[in-house]
file target_25.pdb (PDB, C-alpha atoms and all ligand atoms)
ATOM      1  CA  MET M  24     -21.632  -1.862  82.457
ATOM      2  CA  GLU M  25     -18.275  -0.599  83.743
ATOM      3  CA  ALA M  26     -16.497  -3.889  84.522
ATOM      4  CA  TYR M  27     -16.212  -7.426  83.199
ATOM      5  CA  LYS M  28     -15.484 -10.259  85.657
ATOM      6  CA  GLY M  29     -14.147  -7.690  88.107
ATOM      7  CA  MET M  30     -11.862  -5.891  85.633
ATOM      8  CA  LYS M  31     -12.755  -2.349  84.593
ATOM      9  CA  LEU M  32     -13.621  -2.157  80.889
ATOM     10  CA  SER M  33     -11.439   0.944  80.547
ATOM     11  CA  SER M  34      -8.530  -1.060  82.041
ATOM     12  CA  ILE M  35      -9.083  -3.880  79.526
ATOM     13  CA  LEU M  36      -8.771  -1.361  76.691
ATOM     14  CA  SER M  37      -5.733   0.327  78.283
ATOM     15  CA  GLU M  38      -3.955  -3.019  78.705
ATOM     16  CA  MET M  39      -4.649  -3.916  75.065
ATOM     17  CA  GLU M  40      -3.434  -0.515  73.893
ATOM     18  CA  LYS M  41      -0.308  -0.698  76.050
ATOM     19  CA  GLN M  42       0.664  -4.144  74.746
ATOM     20  CA  GLY M  43      -0.160  -3.237  71.141
ATOM     21  CA  MET M  44       2.061  -0.151  71.302
ATOM     22  CA  LYS M  45       4.856  -1.920  73.155
ATOM     23  CA  ASN M  46       4.880  -4.708  70.564
ATOM     24  CA  ARG M  47       4.665  -2.246  67.648
ATOM     25  CA  ALA M  48       1.285  -3.255  66.259
ATOM     26  CA  PRO M  49       0.963  -1.946  62.685
ATOM     27  CA  VAL M  50      -2.445  -0.363  63.454
ATOM     28  CA  PHE M  51      -0.711   2.398  65.426
ATOM     29  CA  ARG M  52       1.257   3.439  62.342
ATOM     30  CA  ILE M  53      -1.828   4.201  60.243
ATOM     31  CA  LYS M  54      -2.688   7.698  61.518
ATOM     32  CA  LYS M  55       0.942   8.726  61.672
ATOM     33  CA  GLU M  56       1.763   7.565  58.158
ATOM     34  CA  MET M  57      -1.505   8.245  56.339
ATOM     35  CA  LYS M  58      -1.991  11.639  58.024
ATOM     36  CA  ASP M  59      -5.165  13.017  56.378
ATOM     37  CA  PRO M  60      -8.797  11.780  56.448
ATOM     38  CA  PHE M  61      -8.893  10.917  52.736
ATOM     39  CA  ARG M  62      -5.794   8.721  52.945
ATOM     40  CA  ILE M  63      -7.065   7.016  56.098
ATOM     41  CA  LEU M  64     -10.368   6.298  54.345
ATOM     42  CA  ILE M  65      -8.589   4.779  51.312
ATOM     43  CA  PHE M  66      -6.261   2.807  53.589
ATOM     44  CA  THR M  67      -9.176   1.376  55.586
ATOM     45  CA  MET M  68     -11.081   0.414  52.464
ATOM     46  CA  LEU M  69      -8.018  -1.237  50.875
ATOM     47  CA  SER M  70      -7.034  -3.052  54.078
ATOM     48  CA  SER M  71     -10.094  -5.261  54.089
ATOM     49  CA  ARG M  72      -8.754  -8.861  53.961
ATOM     50  CA  THR M  73      -5.168  -7.637  53.726
ATOM     51  CA  LYS M  74      -2.642  -7.215  56.554
ATOM     52  CA  ASP M  75      -2.053  -3.630  57.736
ATOM     53  CA  ASN M  76       1.703  -3.758  57.042
ATOM     54  CA  LYS M  77       1.123  -4.776  53.445
ATOM     55  CA  THR M  78      -1.633  -2.185  52.965
ATOM     56  CA  LEU M  79       0.576   0.571  54.425
ATOM     57  CA  GLU M  80       3.343  -0.293  51.994
ATOM     58  CA  ILE M  81       0.901  -0.213  49.052
ATOM     59  CA  CYS M  82      -0.752   3.027  50.187
ATOM     60  CA  LYS M  83       2.620   4.739  50.440
ATOM     61  CA  ARG M  84       3.302   3.714  46.820
ATOM     62  CA  LEU M  85      -0.136   4.959  45.747
ATOM     63  CA  PHE M  86       0.082   8.325  47.523
ATOM     64  CA  LEU M  87       3.595   8.972  46.320
ATOM     65  CA  ARG M  88       2.182   8.943  42.791
ATOM     66  CA  TYR M  89      -1.233  10.514  43.595
ATOM     67  CA  LYS M  90      -0.916  12.945  46.450
ATOM     68  CA  THR M  91      -4.497  14.235  46.688
ATOM     69  CA  ALA M  92      -8.087  13.090  46.110
ATOM     70  CA  ASN M  93      -8.247  15.413  43.116
ATOM     71  CA  ALA M  94      -5.150  13.838  41.539
ATOM     72  CA  LEU M  95      -6.404  10.295  42.207
ATOM     73  CA  SER M  96      -9.822  11.133  40.772
ATOM     74  CA  LYS M  97      -8.190  11.640  37.358
ATOM     75  CA  ALA M  98      -6.102   8.462  37.415
ATOM     76  CA  LYS M  99      -6.408   5.646  34.896
ATOM     77  CA  GLU M 100      -7.929   2.496  36.389
ATOM     78  CA  ASN M 101      -5.301   0.212  34.854
ATOM     79  CA  GLU M 102      -2.479   2.134  36.471
ATOM     80  CA  ILE M 103      -4.210   1.995  39.861
ATOM     81  CA  LYS M 104      -4.686  -1.770  39.470
ATOM     82  CA  LYS M 105      -0.925  -2.104  39.106
ATOM     83  CA  LEU M 106      -0.146   0.299  41.953
ATOM     84  CA  ILE M 107      -2.380  -1.466  44.452
ATOM     85  CA  PHE M 108      -1.482  -4.989  43.355
ATOM     86  CA  GLY M 109      -1.008  -6.999  46.555
ATOM     87  CA  VAL M 110      -4.210  -5.985  48.349
ATOM     88  CA  ALA M 111      -7.088  -8.451  48.199
ATOM     89  CA  PHE M 112      -9.509  -7.821  45.307
ATOM     90  CA  HIS M 113      -7.230  -5.129  43.854
ATOM     91  CA  ASN M 114      -9.016  -5.169  40.495
ATOM     92  CA  GLN M 115     -12.387  -4.279  42.013
ATOM     93  CA  LYS M 116     -10.884  -1.866  44.533
ATOM     94  CA  ALA M 117      -9.007   0.129  41.841
ATOM     95  CA  GLY M 118     -12.208   1.418  40.228
ATOM     96  CA  ARG M 119     -13.810   2.052  43.599
ATOM     97  CA  ILE M 120     -11.011   4.222  44.968
ATOM     98  CA  ILE M 121     -11.102   6.402  41.840
ATOM     99  CA  LYS M 122     -14.852   6.874  42.366
ATOM    100  CA  ILE M 123     -14.303   7.662  46.061
ATOM    101  CA  ALA M 124     -11.604  10.180  45.082
ATOM    102  CA  LYS M 125     -14.074  11.863  42.705
ATOM    103  CA  GLU M 126     -16.685  12.184  45.458
ATOM    104  CA  VAL M 127     -14.189  13.386  48.060
ATOM    105  CA  SER M 128     -12.579  15.936  45.737
ATOM    106  CA  LYS M 129     -16.039  17.488  45.259
ATOM    107  CA  LYS M 130     -17.547  17.179  48.733
ATOM    108  CA  GLY M 131     -14.767  16.193  51.192
ATOM    109  CA  VAL M 132     -14.686  13.056  53.339
ATOM    110  CA  PRO M 133     -18.216  12.389  54.680
ATOM    111  CA  ARG M 134     -18.709  12.861  58.412
ATOM    112  CA  THR M 135     -21.849  10.782  58.851
ATOM    113  CA  PHE M 136     -22.420   7.026  58.656
ATOM    114  CA  GLU M 137     -25.278   7.424  56.168
ATOM    115  CA  LYS M 138     -23.141   9.431  53.717
ATOM    116  CA  MET M 139     -20.029   7.342  54.260
ATOM    117  CA  ILE M 140     -21.666   4.015  53.320
ATOM    118  CA  LYS M 141     -22.888   5.509  50.049
ATOM    119  CA  LEU M 142     -19.274   5.563  48.839
ATOM    120  CA  PRO M 143     -18.441   2.561  46.624
ATOM    121  CA  GLY M 144     -16.886  -0.342  48.517
ATOM    122  CA  VAL M 145     -17.357   1.321  51.912
ATOM    123  CA  GLY M 146     -19.274  -0.954  54.258
ATOM    124  CA  ARG M 147     -20.304  -0.727  57.866
ATOM    125  CA  LYS M 148     -16.906  -1.620  59.302
ATOM    126  CA  THR M 149     -14.906   0.836  57.172
ATOM    127  CA  ALA M 150     -17.378   3.654  57.800
ATOM    128  CA  ASN M 151     -17.360   3.149  61.566
ATOM    129  CA  VAL M 152     -13.578   2.763  61.794
ATOM    130  CA  VAL M 153     -13.006   6.007  59.856
ATOM    131  CA  LEU M 154     -15.696   7.949  61.727
ATOM    132  CA  ALA M 155     -14.209   6.931  65.091
ATOM    133  CA  SER M 156     -10.523   7.263  64.249
ATOM    134  CA  VAL M 157     -10.636  10.386  62.088
ATOM    135  CA  PHE M 158     -13.595  12.350  63.416
ATOM    136  CA  GLY M 159     -13.771  11.005  66.979
ATOM    137  CA  LYS M 160     -17.380   9.836  66.561
ATOM    138  CA  ASP M 161     -18.887   7.436  69.082
ATOM    139  CA  THR M 162     -18.997   4.327  66.890
ATOM    140  CA  ILE M 163     -17.546   0.796  66.929
ATOM    141  CA  GLY M 164     -16.014  -0.599  63.743
ATOM    142  CA  VAL M 165     -16.047  -4.379  64.077
ATOM    143  CA  ASP M 166     -13.326  -6.086  62.075
ATOM    144  CA  VAL M 167     -12.001  -9.666  62.283
ATOM    145  CA  HIS M 168      -9.787  -8.950  65.321
ATOM    146  CA  LEU M 169     -12.514  -7.288  67.350
ATOM    147  CA  HIS M 170     -15.022  -9.992  66.444
ATOM    148  CA  ARG M 171     -12.610 -12.806  67.359
ATOM    149  CA  ILE M 172     -11.217 -11.381  70.612
ATOM    150  CA  SER M 173     -14.514 -10.187  72.071
ATOM    151  CA  ASN M 174     -15.862 -13.718  71.509
ATOM    152  CA  ARG M 175     -12.748 -15.341  72.974
ATOM    153  CA  LEU M 176     -12.942 -13.169  76.078
ATOM    154  CA  GLY M 177     -16.649 -13.919  76.407
ATOM    155  CA  LEU M 178     -17.719 -10.278  76.196
ATOM    156  CA  VAL M 179     -20.070 -11.410  73.429
ATOM    157  CA  ASN M 180     -21.274 -14.698  72.071
ATOM    158  CA  THR M 181     -21.901 -13.983  68.415
ATOM    159  CA  LYS M 182     -21.422 -15.441  64.959
ATOM    160  CA  LYS M 183     -21.651 -12.256  62.861
ATOM    161  CA  PRO M 184     -19.780  -8.914  63.165
ATOM    162  CA  GLU M 185     -23.075  -6.952  63.030
ATOM    163  CA  LYS M 186     -24.297  -8.790  66.128
ATOM    164  CA  THR M 187     -20.927  -8.208  67.816
ATOM    165  CA  GLU M 188     -21.297  -4.469  67.206
ATOM    166  CA  GLU M 189     -24.828  -4.511  68.612
ATOM    167  CA  ARG M 190     -23.767  -6.449  71.702
ATOM    168  CA  LEU M 191     -20.592  -4.438  72.362
ATOM    169  CA  LYS M 192     -22.663  -1.267  72.332
ATOM    170  CA  LYS M 193     -24.570  -2.709  75.276
ATOM    171  CA  VAL M 194     -21.447  -3.904  77.093
ATOM    172  CA  PHE M 195     -19.247  -0.785  76.791
ATOM    173  CA  PRO M 196     -20.290   2.709  77.882
ATOM    174  CA  LYS M 197     -20.532   5.102  74.928
ATOM    175  CA  ARG M 198     -17.552   7.198  75.991
ATOM    176  CA  LEU M 199     -15.280   4.173  75.313
ATOM    177  CA  TRP M 200     -16.672   3.180  71.893
ATOM    178  CA  LYS M 201     -14.198   5.082  69.741
ATOM    179  CA  LYS M 202     -11.204   3.491  71.526
ATOM    180  CA  ILE M 203     -12.418  -0.081  71.093
ATOM    181  CA  ASN M 204     -11.374  -0.860  67.519
ATOM    182  CA  ILE M 205      -7.791   0.386  67.719
ATOM    183  CA  SER M 206      -7.192  -1.256  71.116
ATOM    184  CA  PHE M 207      -8.532  -4.669  70.043
ATOM    185  CA  VAL M 208      -6.829  -4.580  66.638
ATOM    186  CA  GLY M 209      -3.455  -3.752  68.192
ATOM    187  CA  TYR M 210      -3.933  -6.611  70.638
ATOM    188  CA  GLY M 211      -5.018  -8.986  67.873
ATOM    189  CA  GLN M 212      -1.964  -8.155  65.767
ATOM    190  CA  THR M 213       0.456  -8.858  68.598
ATOM    191  CA  ILE M 214      -0.919 -10.976  71.504
ATOM    192  CA  CYS M 215      -4.360 -12.440  70.821
ATOM    193  CA  ARG M 216      -3.407 -13.478  67.308
ATOM    194  CA  PRO M 217      -5.802 -15.529  65.148
ATOM    195  CA  VAL M 218      -3.552 -18.595  65.369
ATOM    196  CA  ASN M 219      -1.426 -19.374  68.449
ATOM    197  CA  PRO M 220      -2.564 -16.538  70.720
ATOM    198  CA  LYS M 221       0.015 -15.749  73.405
ATOM    199  CA  CYS M 222      -2.268 -16.707  76.285
ATOM    200  CA  ASN M 223       0.643 -17.467  78.631
ATOM    201  CA  ILE M 224       1.752 -13.814  78.705
ATOM    202  CA  CYS M 225      -1.722 -12.283  78.295
ATOM    203  CA  LYS M 226      -2.721 -10.144  81.293
ATOM    204  CA  LEU M 227      -6.376 -10.753  80.435
ATOM    205  CA  ASN M 228      -6.203 -14.543  80.759
ATOM    206  CA  LYS M 229      -7.892 -14.521  84.189
ATOM    207  CA  ILE M 230     -11.038 -13.054  82.677
ATOM    208  CA  CYS M 231     -10.914 -14.930  79.348
ATOM    209  CA  ARG M 232     -13.459 -17.609  78.489
ATOM    210  CA  TYR M 233     -11.224 -19.163  75.788
ATOM    211  CA  PHE M 234      -8.349 -19.452  78.290
ATOM    212  CA  ALA M 235     -10.596 -21.006  80.944
ATOM    213  CA  GLN M 236     -11.840 -23.575  78.439
ATOM    214  CA  SER M 237      -8.463 -24.375  76.873
ATOM    215  CA  PHE M 238      -5.998 -24.582  79.770
TER     216      PHE M 238
HETATM  217  S1  LIG M 301      -6.025 -15.373  77.168
HETATM  218 FE1  LIG M 301      -5.505 -15.902  75.071
HETATM  219  S2  LIG M 301      -7.447 -15.958  73.967
HETATM  220 FE2  LIG M 301      -7.791 -14.865  75.900
HETATM  221  S3  LIG M 301      -7.521 -12.707  75.363
HETATM  222 FE3  LIG M 301      -5.562 -13.456  76.106
HETATM  223  S4  LIG M 301      -4.441 -14.106  74.273
HETATM  224 FE4  LIG M 301      -6.610 -13.903  73.722
END
call {"tool": "encode", "arguments": {"input": "target_25.pdb", "output": "structure tokens"}}
result
Amino acid sequence: MEAYKGMKLSSILSEMEKQGMKNRAPVFRIKKEMKDPFRILIFTMLSSRTKDNKTLEICKRLFLRYKTANALSKAKENEIKKLIFGVAFHNQKAGRIIKIAKEVSKKGVPRTFEKMIKLPGVGRKTANVVLASVFGKDTIGVDVHLHRISNRLGLVNTKKPEKTEERLKKVFPKRLWKKINISFVGYGQTICRPVNPKCNICKLNKICRYFAQSF
């Protein structure tokens, strides 16, 4: 499928990306500020259920103290708990990021889905987001924004993120997969927000099922 309700799928993604960048969506700061694959992996894992701005602030604090995977692998769990205080489930995540650091300092950041999800605390979404954003793999990491917006638009009609991923892989051509997460997340952080989406200024409202049903 190349279009949805007459609008090219690539244009939908470009519009989302344009608005996200124009409105300074935090997601576009991640690569610039985290820089290397290990830091992006830790950021993505820590950001689950925590806003990107908050997670960026906490990651900067963490990586100022522990600059490399090798350094973090030798950290004391109690100190990490304090450093990452503010992210959801920080107590559980502290031990996990030390274990991830140990693995990465020995073998590097995994480049396959199968190896990535063996890391503690790394699930399907984190693995796919990192593989697409860091290594340019053709995958779709479905987070809360992508799940919500693709259902609002009517691109999918799903209850669970796993089903959304499955469905989106049928809707979008493979060459666009790696762009999907960042475009939708940027849009979700700025225009199609969870509460009070800015439908009146949204250029996608003509093709949106939620808009058609609500206004
Ligand atoms: S019209 Fe509203 S609900 Fe639909 S994509 Fe735009 S902001 Fe989101």
call {"tool": "residues_near_ligand", "arguments": {"input": "target_25.pdb", "ligand": "ligand LIG 301 (chain M)", "cutoff": "10 Å", "atoms": "all atoms listed in the file", "output": "ChimeraX atom specification"}}
result
/M:35,39,171-177,207,210-211,213-238
call {"tool": "atom_distance", "arguments": {"input": "target_25.pdb", "atom1": "CA of Arg198 in chain M", "atom2": "CA of Arg72 in chain M"}}
result
28.6 Å
call {"tool": "residues_around", "arguments": {"input": "target_25.pdb", "residues": "range 182-193 of chain M", "least_positions_apart": "2", "cutoff": "7 Å", "atoms": "only C-alpha atoms", "output": "list in words"}}
result
Ile163, Val165, His170, Val179 and Phe195 of chain M
call {"tool": "residues_around", "arguments": {"input": "target_25.pdb", "residues": "range 148-151 of chain M", "least_positions_apart": "3", "cutoff": "9 Å", "atoms": "all atoms listed in the file", "output": "JSON list (two decimals) with C-alpha atoms, in the frame of the given file"}}
result
[["chain", "number", "residue", "atom", "x", "y", "z"],
["M", 64, "LEU", "CA", -10.37, 6.30, 54.34],
["M", 67, "THR", "CA", -9.18, 1.38, 55.59],
["M", 68, "MET", "CA", -11.08, 0.41, 52.46],
["M", 71, "SER", "CA", -10.09, -5.26, 54.09],
["M", 135, "THR", "CA", -21.85, 10.78, 58.85],
["M", 136, "PHE", "CA", -22.42, 7.03, 58.66],
["M", 137, "GLU", "CA", -25.28, 7.42, 56.17],
["M", 139, "MET", "CA", -20.03, 7.34, 54.26],
["M", 140, "ILE", "CA", -21.67, 4.01, 53.32],
["M", 144, "GLY", "CA", -16.89, -0.34, 48.52],
["M", 145, "VAL", "CA", -17.36, 1.32, 51.91],
["M", 154, "LEU", "CA", -15.70, 7.95, 61.73],
["M", 155, "ALA", "CA", -14.21, 6.93, 65.09],
["M", 156, "SER", "CA", -10.52, 7.26, 64.25],
["M", 160, "LYS", "CA", -17.38, 9.84, 66.56],
["M", 161, "ASP", "CA", -18.89, 7.44, 69.08],
["M", 162, "THR", "CA", -19.00, 4.33, 66.89],
["M", 163, "ILE", "CA", -17.55, 0.80, 66.93],
["M", 164, "GLY", "CA", -16.01, -0.60, 63.74],
["M", 165, "VAL", "CA", -16.05, -4.38, 64.08],
["M", 166, "ASP", "CA", -13.33, -6.09, 62.08],
["M", 184, "PRO", "CA", -19.78, -8.91, 63.16],
["M", 185, "GLU", "CA", -23.08, -6.95, 63.03],
["M", 201, "LYS", "CA", -14.20, 5.08, 69.74]]
call {"tool": "closest_residue", "arguments": {"input": "target_25.pdb", "among": "M:Arg147, M:Lys83, M:Lys202, M:Lys41", "to": "Ile63 in chain M", "atoms": "all atoms listed in the file"}}
result
M:Lys83
call {"tool": "atom_distance", "arguments": {"input": "target_25.pdb", "atom1": "CA of Lys28 in chain M", "atom2": "CA of Trp200 in chain M"}}
result
19.3 Å
call {"tool": "closest_residue", "arguments": {"input": "target_25.pdb", "among": "M:Val152, M:Val157, M:Ala92, M:Ile107", "to": "Glu126 in chain M", "atoms": "only C-alpha atoms"}}
result
M:Ala92
call {"tool": "atom_distance", "arguments": {"input": "target_25.pdb", "atom1": "CA of Arg52 in chain M", "atom2": "CA of Ser70 in chain M"}}
result
13.4 Å
call {"tool": "closest_residue", "arguments": {"input": "target_25.pdb", "among": "M:Ile81, M:Val194, M:Ala111, M:Ile120", "to": "Lys97 in chain M", "atoms": "all atoms listed in the file"}}
result
M:Ile120
call {"tool": "axis_aligned_box", "arguments": {"input": "target_25.pdb", "around": "range 31-39 of chain M", "padding_each_side": "8 Å", "output": "lines of an AutoDock Vina configuration file"}}
result
center_x = -8.8
center_y = -1.5
center_z = 79.8
size_x = 25.7
size_y = 20.9
size_z = 25.5
call {"tool": "resolve_selection", "arguments": {"input": "target_25.pdb", "expression": "the PyMOL selection byres (((chain M and resi 131) around 12) and not hetatm)", "output": "PDB file with C-alpha atoms, keeping the file's coordinate frame"}}
result
ATOM      1  CA  ASP M  59      -5.165  13.017  56.378  1.00  0.00           C
ATOM      2  CA  PRO M  60      -8.797  11.780  56.448  1.00  0.00           C
ATOM      3  CA  PHE M  61      -8.893  10.917  52.736  1.00  0.00           C
ATOM      4  CA  ARG M  62      -5.794   8.721  52.945  1.00  0.00           C
ATOM      5  CA  LEU M  64     -10.368   6.298  54.345  1.00  0.00           C
ATOM      6  CA  THR M  91      -4.497  14.235  46.688  1.00  0.00           C
ATOM      7  CA  ALA M  92      -8.087  13.090  46.110  1.00  0.00           C
ATOM      8  CA  ASN M  93      -8.247  15.413  43.116  1.00  0.00           C
ATOM      9  CA  ILE M 123     -14.303   7.662  46.061  1.00  0.00           C
ATOM     10  CA  ALA M 124     -11.604  10.180  45.082  1.00  0.00           C
ATOM     11  CA  LYS M 125     -14.074  11.863  42.705  1.00  0.00           C
ATOM     12  CA  GLU M 126     -16.685  12.184  45.458  1.00  0.00           C
ATOM     13  CA  VAL M 127     -14.189  13.386  48.060  1.00  0.00           C
ATOM     14  CA  SER M 128     -12.579  15.936  45.737  1.00  0.00           C
ATOM     15  CA  LYS M 129     -16.039  17.488  45.259  1.00  0.00           C
ATOM     16  CA  LYS M 130     -17.547  17.179  48.733  1.00  0.00           C
ATOM     17  CA  VAL M 132     -14.686  13.056  53.339  1.00  0.00           C
ATOM     18  CA  PRO M 133     -18.216  12.389  54.680  1.00  0.00           C
ATOM     19  CA  ARG M 134     -18.709  12.861  58.412  1.00  0.00           C
ATOM     20  CA  THR M 135     -21.849  10.782  58.851  1.00  0.00           C
ATOM     21  CA  LYS M 138     -23.141   9.431  53.717  1.00  0.00           C
ATOM     22  CA  MET M 139     -20.029   7.342  54.260  1.00  0.00           C
ATOM     23  CA  LEU M 142     -19.274   5.563  48.839  1.00  0.00           C
TER      24      LEU M 142
END
call {"tool": "resolve_selection", "arguments": {"input": "target_25.pdb", "expression": "the PyMOL selection byres (((chain M and resi 53) around 10) and not hetatm)", "output": "PyMOL selection string"}}
result
chain M and resi 49-52+54-58+62-63+66-67+75-76+78-79
call {"tool": "closest_residue", "arguments": {"input": "target_25.pdb", "among": "M:Gly109, M:Pro196, M:Gly209, M:Gly159", "to": "Gly43 in chain M", "atoms": "only C-alpha atoms"}}
result
M:Gly209
call {"tool": "closest_residue", "arguments": {"input": "target_25.pdb", "among": "M:Arg47, M:Leu199, M:Phe86, M:Glu40", "to": "Leu106 in chain M", "atoms": "all atoms listed in the file"}}
result
M:Phe86
call {"tool": "resolve_selection", "arguments": {"input": "target_25.pdb", "expression": "the PyMOL selection byres (((chain M and resi 113-119) around 6) and not hetatm)", "output": "ChimeraX atom specification"}}
result
/M:100,103-104,108,110-112,120-122,143
call {"tool": "closest_residue", "arguments": {"input": "target_25.pdb", "among": "M:Ser33, M:Phe158, M:Tyr27, M:Lys45", "to": "Lys197 in chain M", "atoms": "all atoms listed in the file"}}
result
M:Ser33
call {"tool": "build_atoms", "arguments": {"input": "target_25.pdb", "residues": "range 168-176 of chain M", "atoms": "all heavy atoms", "output": "tab-separated table (two decimals), in the frame of the given file"}}
result
chain	number	residue	atom	x	y	z
M	168	HIS	N	-10.44	-8.88	64.01
M	168	HIS	CA	-9.79	-8.95	65.32
M	168	HIS	C	-10.79	-8.71	66.45
M	168	HIS	O	-10.85	-9.46	67.42
M	168	HIS	CB	-8.67	-7.91	65.43
M	168	HIS	CG	-7.51	-8.15	64.53
M	168	HIS	ND1	-6.66	-9.22	64.69
M	168	HIS	CD2	-7.06	-7.47	63.45
M	168	HIS	CE1	-5.73	-9.18	63.75
M	168	HIS	NE2	-5.94	-8.13	62.97
M	169	LEU	N	-11.55	-7.64	66.30
M	169	LEU	CA	-12.51	-7.29	67.35
M	169	LEU	C	-13.58	-8.39	67.52
M	169	LEU	O	-13.94	-8.75	68.64
M	169	LEU	CB	-13.15	-5.93	67.01
M	169	LEU	CG	-14.19	-5.34	67.94
M	169	LEU	CD1	-13.80	-5.43	69.39
M	169	LEU	CD2	-14.45	-3.89	67.57
M	170	HIS	N	-14.03	-8.92	66.40
M	170	HIS	CA	-15.02	-9.99	66.44
M	170	HIS	C	-14.44	-11.23	67.16
M	170	HIS	O	-15.07	-11.80	68.06
M	170	HIS	CB	-15.45	-10.34	65.02
M	170	HIS	CG	-16.50	-11.41	64.94
M	170	HIS	ND1	-17.75	-11.26	65.49
M	170	HIS	CD2	-16.47	-12.65	64.39
M	170	HIS	CE1	-18.45	-12.36	65.27
M	170	HIS	NE2	-17.70	-13.22	64.62
M	171	ARG	N	-13.22	-11.60	66.78
M	171	ARG	CA	-12.61	-12.81	67.36
M	171	ARG	C	-12.32	-12.63	68.86
M	171	ARG	O	-12.71	-13.46	69.68
M	171	ARG	CB	-11.29	-13.11	66.62
M	171	ARG	CG	-10.51	-14.27	67.18
M	171	ARG	CD	-9.17	-14.46	66.46
M	171	ARG	NE	-8.18	-13.45	66.79
M	171	ARG	CZ	-7.81	-12.45	66.02
M	171	ARG	NH1	-8.32	-12.31	64.81
M	171	ARG	NH2	-6.91	-11.57	66.41
M	172	ILE	N	-11.67	-11.53	69.22
M	172	ILE	CA	-11.22	-11.38	70.61
M	172	ILE	C	-12.39	-11.17	71.57
M	172	ILE	O	-12.40	-11.71	72.68
M	172	ILE	CB	-10.20	-10.23	70.75
M	172	ILE	CG1	-9.00	-10.48	69.83
M	172	ILE	CG2	-9.71	-10.10	72.19
M	172	ILE	CD1	-8.04	-9.32	69.70
M	173	SER	N	-13.40	-10.41	71.14
M	173	SER	CA	-14.51	-10.19	72.07
M	173	SER	C	-15.27	-11.50	72.31
M	173	SER	O	-15.78	-11.73	73.41
M	173	SER	CB	-15.44	-9.06	71.60
M	173	SER	OG	-15.81	-9.23	70.28
M	174	ASN	N	-15.27	-12.39	71.30
M	174	ASN	CA	-15.86	-13.72	71.51
M	174	ASN	C	-14.96	-14.60	72.37
M	174	ASN	O	-15.44	-15.33	73.23
M	174	ASN	CB	-16.16	-14.40	70.17
M	174	ASN	CG	-17.54	-14.04	69.65
M	174	ASN	OD1	-18.55	-14.54	70.14
M	174	ASN	ND2	-17.59	-13.13	68.68
M	175	ARG	N	-13.66	-14.54	72.15
M	175	ARG	CA	-12.75	-15.34	72.97
M	175	ARG	C	-12.86	-14.94	74.44
M	175	ARG	O	-12.93	-15.79	75.33
M	175	ARG	CB	-11.29	-15.15	72.50
M	175	ARG	CG	-10.92	-16.02	71.30
M	175	ARG	CD	-9.47	-15.78	70.93
M	175	ARG	NE	-9.06	-16.63	69.81
M	175	ARG	CZ	-7.92	-16.48	69.16
M	175	ARG	NH1	-7.07	-15.52	69.49
M	175	ARG	NH2	-7.61	-17.30	68.16
M	176	LEU	N	-12.85	-13.63	74.69
M	176	LEU	CA	-12.94	-13.17	76.08
M	176	LEU	C	-14.27	-13.56	76.71
M	176	LEU	O	-14.35	-13.78	77.93
M	176	LEU	CB	-12.81	-11.64	76.13
M	176	LEU	CG	-11.38	-11.07	76.01
M	176	LEU	CD1	-11.43	-9.57	75.79
M	176	LEU	CD2	-10.56	-11.39	77.26
